[in-house]
Structures are given as C-alpha cells and as structure tokens.
$ cat run35.tsv   # TSV, C-alpha atoms and all ligand atoms
chain	number	residue	atom	x	y	z
A	206	ALA	CA	0.00	0.00	0.00
A	207	ASP	CA	1.09	3.58	-0.56
A	208	GLY	CA	2.00	5.66	2.44
A	209	ASP	CA	0.55	9.00	3.49
A	210	PRO	CA	3.18	11.78	3.43
A	211	GLU	CA	1.28	13.91	5.95
A	212	LYS	CA	1.27	11.12	8.49
A	213	GLY	CA	4.88	10.47	7.56
A	214	GLU	CA	5.83	14.00	8.54
A	215	LYS	CA	4.76	13.15	12.09
A	216	VAL	CA	6.62	9.83	12.03
A	217	PHE	CA	9.74	11.74	10.92
A	218	ARG	CA	9.81	13.41	14.34
A	219	LYS	CA	11.46	10.19	15.49
A	220	CYS	CA	14.26	10.77	13.00
A	221	GLN	CA	14.77	14.50	13.36
A	222	ALA	CA	17.25	14.41	16.21
A	223	CYS	CA	19.65	12.82	13.75
A	224	HIS	CA	18.44	13.66	10.22
A	225	ALA	CA	17.39	16.76	8.31
A	226	VAL	CA	15.45	17.13	5.05
A	227	GLY	CA	14.43	20.13	2.99
A	228	GLU	CA	16.14	23.23	1.71
A	229	GLY	CA	19.48	23.77	3.37
A	230	ALA	CA	19.43	20.38	5.11
A	231	SER	CA	22.82	19.45	6.48
A	232	ASN	CA	24.25	16.39	8.16
A	233	LYS	CA	23.58	15.94	11.88
A	234	VAL	CA	24.28	12.74	13.79
A	235	GLY	CA	23.12	11.10	10.55
A	236	PRO	CA	23.39	12.21	6.93
A	237	GLU	CA	20.87	14.60	5.36
A	238	LEU	CA	18.12	12.63	3.63
A	239	ASN	CA	17.15	14.75	0.61
A	240	GLY	CA	16.64	12.45	-2.35
A	241	ILE	CA	17.11	9.36	-0.18
A	242	VAL	CA	14.54	7.34	-2.15
A	243	GLY	CA	16.64	6.02	-5.02
A	244	ARG	CA	19.93	7.30	-3.57
A	245	PRO	CA	22.89	4.91	-3.39
A	246	ALA	CA	23.72	3.98	0.22
A	247	GLY	CA	26.63	5.74	1.86
A	248	SER	CA	26.90	8.39	-0.84
A	249	ILE	CA	27.01	11.71	1.05
A	250	GLY	CA	30.61	12.68	0.53
A	251	ASP	CA	31.14	14.75	3.67
A	252	PHE	CA	29.47	12.26	6.04
A	253	LYS	CA	31.56	9.66	7.90
A	254	TYR	CA	29.68	6.37	7.51
A	255	SER	CA	30.30	3.22	9.54
A	256	SER	CA	32.38	0.52	7.91
A	257	GLY	CA	29.21	-1.59	7.79
A	258	MET	CA	27.43	1.03	5.71
A	259	GLN	CA	30.51	1.50	3.52
A	260	GLU	CA	30.52	-2.24	2.82
A	261	ALA	CA	26.81	-2.19	1.96
A	262	ALA	CA	27.50	0.73	-0.37
A	263	ALA	CA	30.39	-1.10	-2.02
A	264	GLY	CA	28.02	-4.04	-2.50
A	265	GLY	CA	25.73	-1.82	-4.52
A	266	LEU	CA	22.94	-1.13	-2.04
A	267	VAL	CA	20.50	1.49	-3.34
A	268	TRP	CA	17.78	2.93	-1.11
A	269	THR	CA	14.67	1.75	-2.92
A	270	PRO	CA	11.44	2.05	-0.88
A	271	GLU	CA	11.69	-1.68	-0.15
A	272	HIS	CA	15.25	-1.47	1.17
A	273	ILE	CA	14.50	1.60	3.28
A	274	ALA	CA	11.55	-0.30	4.78
A	275	GLU	CA	13.75	-3.29	5.60
A	276	PHE	CA	16.42	-1.04	7.13
A	277	LEU	CA	13.87	0.85	9.23
A	278	THR	CA	12.36	-2.38	10.55
A	279	LYS	CA	15.57	-3.25	12.36
A	280	PRO	CA	18.57	-1.20	11.23
A	281	LYS	CA	21.22	-3.41	12.80
A	282	ASP	CA	19.85	-6.54	11.14
A	283	PHE	CA	19.76	-5.05	7.65
A	284	VAL	CA	23.16	-3.30	7.74
A	285	LYS	CA	25.54	-5.19	10.01
A	286	GLY	CA	27.67	-2.77	11.98
A	287	THR	CA	25.58	0.30	11.21
A	288	LYS	CA	26.06	3.20	13.60
A	289	MET	CA	22.42	4.21	13.26
A	290	THR	CA	21.40	3.57	16.86
A	291	PHE	CA	17.67	3.49	16.30
A	292	ALA	CA	15.52	0.57	17.41
A	293	GLY	CA	13.39	0.71	14.28
A	294	LEU	CA	9.79	1.32	13.24
A	295	ARG	CA	7.75	-1.79	13.98
A	296	LYS	CA	4.55	-0.86	12.20
A	297	ASP	CA	4.21	-1.31	8.43
A	298	ASP	CA	2.16	1.85	8.04
A	299	GLU	CA	4.69	3.99	9.94
A	300	ARG	CA	7.39	2.80	7.57
A	301	GLU	CA	5.25	3.35	4.47
A	302	ASP	CA	4.19	6.80	5.66
A	303	VAL	CA	7.69	8.03	6.48
A	304	ILE	CA	8.98	6.75	3.12
A	305	ALA	CA	6.12	8.62	1.36
A	306	TYR	CA	7.16	11.76	3.27
A	307	LEU	CA	10.85	11.30	2.42
A	308	SER	CA	10.01	10.80	-1.26
A	309	THR	CA	8.69	14.40	-1.38
A	310	PHE	CA	12.27	15.72	-0.88
A	311	LYS	CA	14.18	15.40	-4.13
B	401	LIG	C1	21.66	6.43	8.21
B	401	LIG	C2	16.85	6.88	7.76
B	401	LIG	C3	16.49	7.60	12.56
B	401	LIG	C4	21.30	8.07	12.79
B	401	LIG	C5	20.38	6.42	7.68
B	401	LIG	C6	20.04	6.08	6.33
B	401	LIG	C7	18.70	6.20	6.21
B	401	LIG	C8	18.18	6.62	7.48
B	401	LIG	C9	17.86	5.93	4.97
B	401	LIG	C10	21.04	5.71	5.24
B	401	LIG	C11	21.59	7.01	4.67
B	401	LIG	C12	22.66	6.89	3.58
B	401	LIG	O1	23.01	5.78	3.18
B	401	LIG	O2	23.13	7.96	3.14
B	401	LIG	C13	16.33	7.14	9.02
B	401	LIG	C14	14.92	7.32	9.32
B	401	LIG	C15	14.81	7.45	10.66
B	401	LIG	C16	16.16	7.43	11.21
B	401	LIG	C17	13.82	7.37	8.26
B	401	LIG	C18	13.57	7.55	11.51
B	401	LIG	C19	12.51	6.68	11.27
B	401	LIG	C20	17.75	7.83	13.03
B	401	LIG	C21	18.07	8.22	14.39
B	401	LIG	C22	19.43	8.34	14.45
B	401	LIG	C23	19.96	8.03	13.14
B	401	LIG	C24	17.05	8.46	15.50
B	401	LIG	C25	20.32	8.72	15.63
B	401	LIG	C26	20.08	8.20	16.87
B	401	LIG	C27	21.82	7.63	11.58
B	401	LIG	C28	23.24	7.45	11.33
B	401	LIG	C29	23.34	6.96	10.01
B	401	LIG	C30	21.98	6.85	9.49
B	401	LIG	C31	24.37	7.73	12.31
B	401	LIG	C32	24.61	6.50	9.31
B	401	LIG	C33	24.68	4.98	9.55
B	401	LIG	C34	26.00	4.31	9.22
B	401	LIG	O3	26.94	4.94	8.71
B	401	LIG	O4	26.07	3.10	9.53
B	401	LIG	N1	19.23	6.73	8.36
B	401	LIG	N2	17.04	7.24	10.19
B	401	LIG	N3	18.92	7.73	12.30
B	401	LIG	N4	21.10	7.27	10.47
B	401	LIG	FE1	19.07	7.21	10.34
$ encode --input "run35.tsv" --output "structure tokens"
Amino acid sequence: ADGDPEKGEKVFRKCQACHAVGEGASNKVGPELNGIVGRPAGSIGDFKYSSGMQEAAAGGLVWTPEHIAEFLTKPKDFVKGTKMTFAGLRKDDEREDVIAYLSTFK
C-alpha cells in the first residue's frame, strides 16, 4: 500500500534528532536525507559512515522504498555494523508513511 506523506511528517519526528530534510538540510548525527529514495547507500561525501554502511555501499545497495523499509524495521539486522542507533519502526504503516514523506524531498 502507498503511504501517506502527511502522516509520515509526524513519524519523521522520530528521525529529526539525527536527520534533516528540505532546503538547506545538512548532516547531523546522521546524513541529510534529501533524495534518499533512489539514492545509493553511503553516498554523502562529507558524512563519515560506519564501515558496515561503507561495505553495503560497495556491495551496490541502493535505497529503494523496499530497502529503506527493511532497514527501518531493524537497522542493525539489515546493515551489520551500522552506527544508526535506532531501534526501528515496527509498524508497516509507519514505515510506508515516512517513506512517502521522504520521497517528497528530491
Ligand atoms: C543512516 C533513515 C532515525 C542516525 C540512515 C540512512 C537512512 C536513514 C535511509 C542511510 C543514509 C545513507 O546511506 O546515506 C532514518 C529514518 C529514521 C532514522 C527514516 C527515523 C525513522 C535515526 C536516528 C538516528 C539516526 C534516531 C540517531 C540516533 C543515523 C546514522 C546513520 C543513518 C548515524 C549513518 C549509519 C552508518 O553509517 O552506519 N538513516 N534514520 N537515524 N542514520 Fe538514520
């Protein structure tokens, strides 16, 4: 099912301590997420990724909606050694909604 970007904006509050989106977004604890849907993993040049994320990137991981959803379910299971210390979003609709919200930032 397609997510709801307005609901996703509220879900994104859980991400905002570490991630920014929108005009002028810069890296925080985590990389800025403009254009994340379809973006190759680990590709923000001035962000220091974990070695786990660098390996995933070298393996060709691209952040399709499906892969973002898997990562957000349990980050440490999808990217071994990730430094994203976030427990995950357990509900399908929360994941779909936040991905719909993120997809509005090109
Ligand atoms: C990486 C999404 C919450 C810290 C990422 C990436 C995505 C993402 C898609 C990969 C970026 C890339 O490859 O360029 C989200 C979403 C969140 C969330 C949608 C909320 C639902 C958080 C929180 C923190 C955090 C709360 C901090 C406690 C990081 C860090 C990385 C990262 C440090 C880099 C990981 C690494 O190098 O292994 N996040 N994130 N994220 N995120 Fe999050």
$ atom_distance --input "run35.tsv" --atom1 "atom CA of A:Lys279" --atom2 "atom CA of A:Phe310"
23.4 Å
$ closest_atom_pairs --input "run35.tsv" --of "chain A" --to "ligand LIG 401 (chain B)" --cutoff "9 Å" --atoms "only C-alpha atoms and all ligand atoms" --output "Markdown table"
| residue | atom | partner | partner_atom | distance |
| --- | --- | --- | --- | --- |
| A:Val216 | CA | B:LIG401 | C19 | 6.7 |
| A:Phe217 | CA | B:LIG401 | C18 | 5.7 |
| A:Arg218 | CA | B:LIG401 | C18 | 7.5 |
| A:Lys219 | CA | B:LIG401 | C18 | 5.2 |
| A:Cys220 | CA | B:LIG401 | C18 | 3.6 |
| A:Gln221 | CA | B:LIG401 | C24 | 6.8 |
| A:Ala222 | CA | B:LIG401 | C24 | 6.0 |
| A:Cys223 | CA | B:LIG401 | C22 | 4.5 |
| A:His224 | CA | B:LIG401 | N3 | 6.3 |
| A:Lys233 | CA | B:LIG401 | C4 | 8.2 |
| A:Val234 | CA | B:LIG401 | C31 | 5.2 |
| A:Gly235 | CA | B:LIG401 | C28 | 3.7 |
| A:Pro236 | CA | B:LIG401 | O2 | 5.7 |
| A:Glu237 | CA | B:LIG401 | O2 | 7.4 |
| A:Leu238 | CA | B:LIG401 | C11 | 6.7 |
| A:Ile241 | CA | B:LIG401 | C9 | 6.2 |
| A:Val242 | CA | B:LIG401 | C9 | 8.0 |
| A:Arg244 | CA | B:LIG401 | O2 | 7.5 |
| A:Pro245 | CA | B:LIG401 | O1 | 6.6 |
| A:Ala246 | CA | B:LIG401 | O1 | 3.5 |
| A:Gly247 | CA | B:LIG401 | O1 | 3.9 |
| A:Ser248 | CA | B:LIG401 | O2 | 5.5 |
| A:Ile249 | CA | B:LIG401 | O2 | 5.8 |
| A:Phe252 | CA | B:LIG401 | O2 | 8.2 |
| A:Lys253 | CA | B:LIG401 | O3 | 6.7 |
| A:Tyr254 | CA | B:LIG401 | O3 | 3.3 |
| A:Ser255 | CA | B:LIG401 | O3 | 3.9 |
| A:Ser256 | CA | B:LIG401 | O4 | 7.0 |
| A:Gly257 | CA | B:LIG401 | O4 | 5.9 |
| A:Met258 | CA | B:LIG401 | O4 | 4.6 |
| A:Gln259 | CA | B:LIG401 | O3 | 7.2 |
| A:Ala261 | CA | B:LIG401 | O1 | 8.9 |
| A:Ala262 | CA | B:LIG401 | O1 | 7.6 |
| A:Leu266 | CA | B:LIG401 | O1 | 8.7 |
| A:Val267 | CA | B:LIG401 | O1 | 8.2 |
| A:Trp268 | CA | B:LIG401 | C9 | 6.8 |
| A:His272 | CA | B:LIG401 | C9 | 8.7 |
| A:Ile273 | CA | B:LIG401 | C9 | 5.7 |
| A:Ala274 | CA | B:LIG401 | C17 | 8.7 |
| A:Phe276 | CA | B:LIG401 | C9 | 7.4 |
| A:Leu277 | CA | B:LIG401 | C19 | 6.3 |
| A:Pro280 | CA | B:LIG401 | N1 | 8.5 |
| A:Lys281 | CA | B:LIG401 | O4 | 8.8 |
| A:Val284 | CA | B:LIG401 | O4 | 7.3 |
| A:Lys285 | CA | B:LIG401 | O4 | 8.3 |
| A:Gly286 | CA | B:LIG401 | O4 | 6.6 |
| A:Thr287 | CA | B:LIG401 | O4 | 3.3 |
| A:Lys288 | CA | B:LIG401 | O4 | 4.1 |
| A:Met289 | CA | B:LIG401 | C27 | 3.9 |
| A:Thr290 | CA | B:LIG401 | C26 | 4.8 |
| A:Phe291 | CA | B:LIG401 | C24 | 5.1 |
| A:Ala292 | CA | B:LIG401 | C24 | 8.3 |
| A:Gly293 | CA | B:LIG401 | C19 | 6.7 |
| A:Leu294 | CA | B:LIG401 | C19 | 6.3 |
| A:Glu299 | CA | B:LIG401 | C19 | 8.4 |
| A:Arg300 | CA | B:LIG401 | C19 | 7.4 |
| A:Val303 | CA | B:LIG401 | C17 | 6.4 |
| A:Ile304 | CA | B:LIG401 | C17 | 7.1 |
| A:Leu307 | CA | B:LIG401 | C17 | 7.6 |
$ closest_residue --input "run35.tsv" --among "A:Asp251, A:Asp297, A:Glu228, A:Ser308" --to "A:Thr278" --atoms "all atoms listed in the file"
A:Asp297
$ closest_residue --input "run35.tsv" --among "A:Ala263, A:Thr269, A:Tyr306, A:Ala230" --to "A:Glu214" --atoms "all atoms listed in the file"
A:Tyr306
$ closest_residue --input "run35.tsv" --among "A:Asp302, A:Lys311, A:Gly240, A:Gly227" --to "A:Lys215" --atoms "all atoms listed in the file"
A:Asp302
$ closest_residue --input "run35.tsv" --among "A:Asn232, A:Glu275, A:Pro210, A:Pro270" --to "A:Lys296" --atoms "all atoms listed in the file"
A:Glu275
$ atom_distance --input "run35.tsv" --atom1 "atom CA of A:Phe283" --atom2 "atom CA of A:Asp298"
18.9 Å
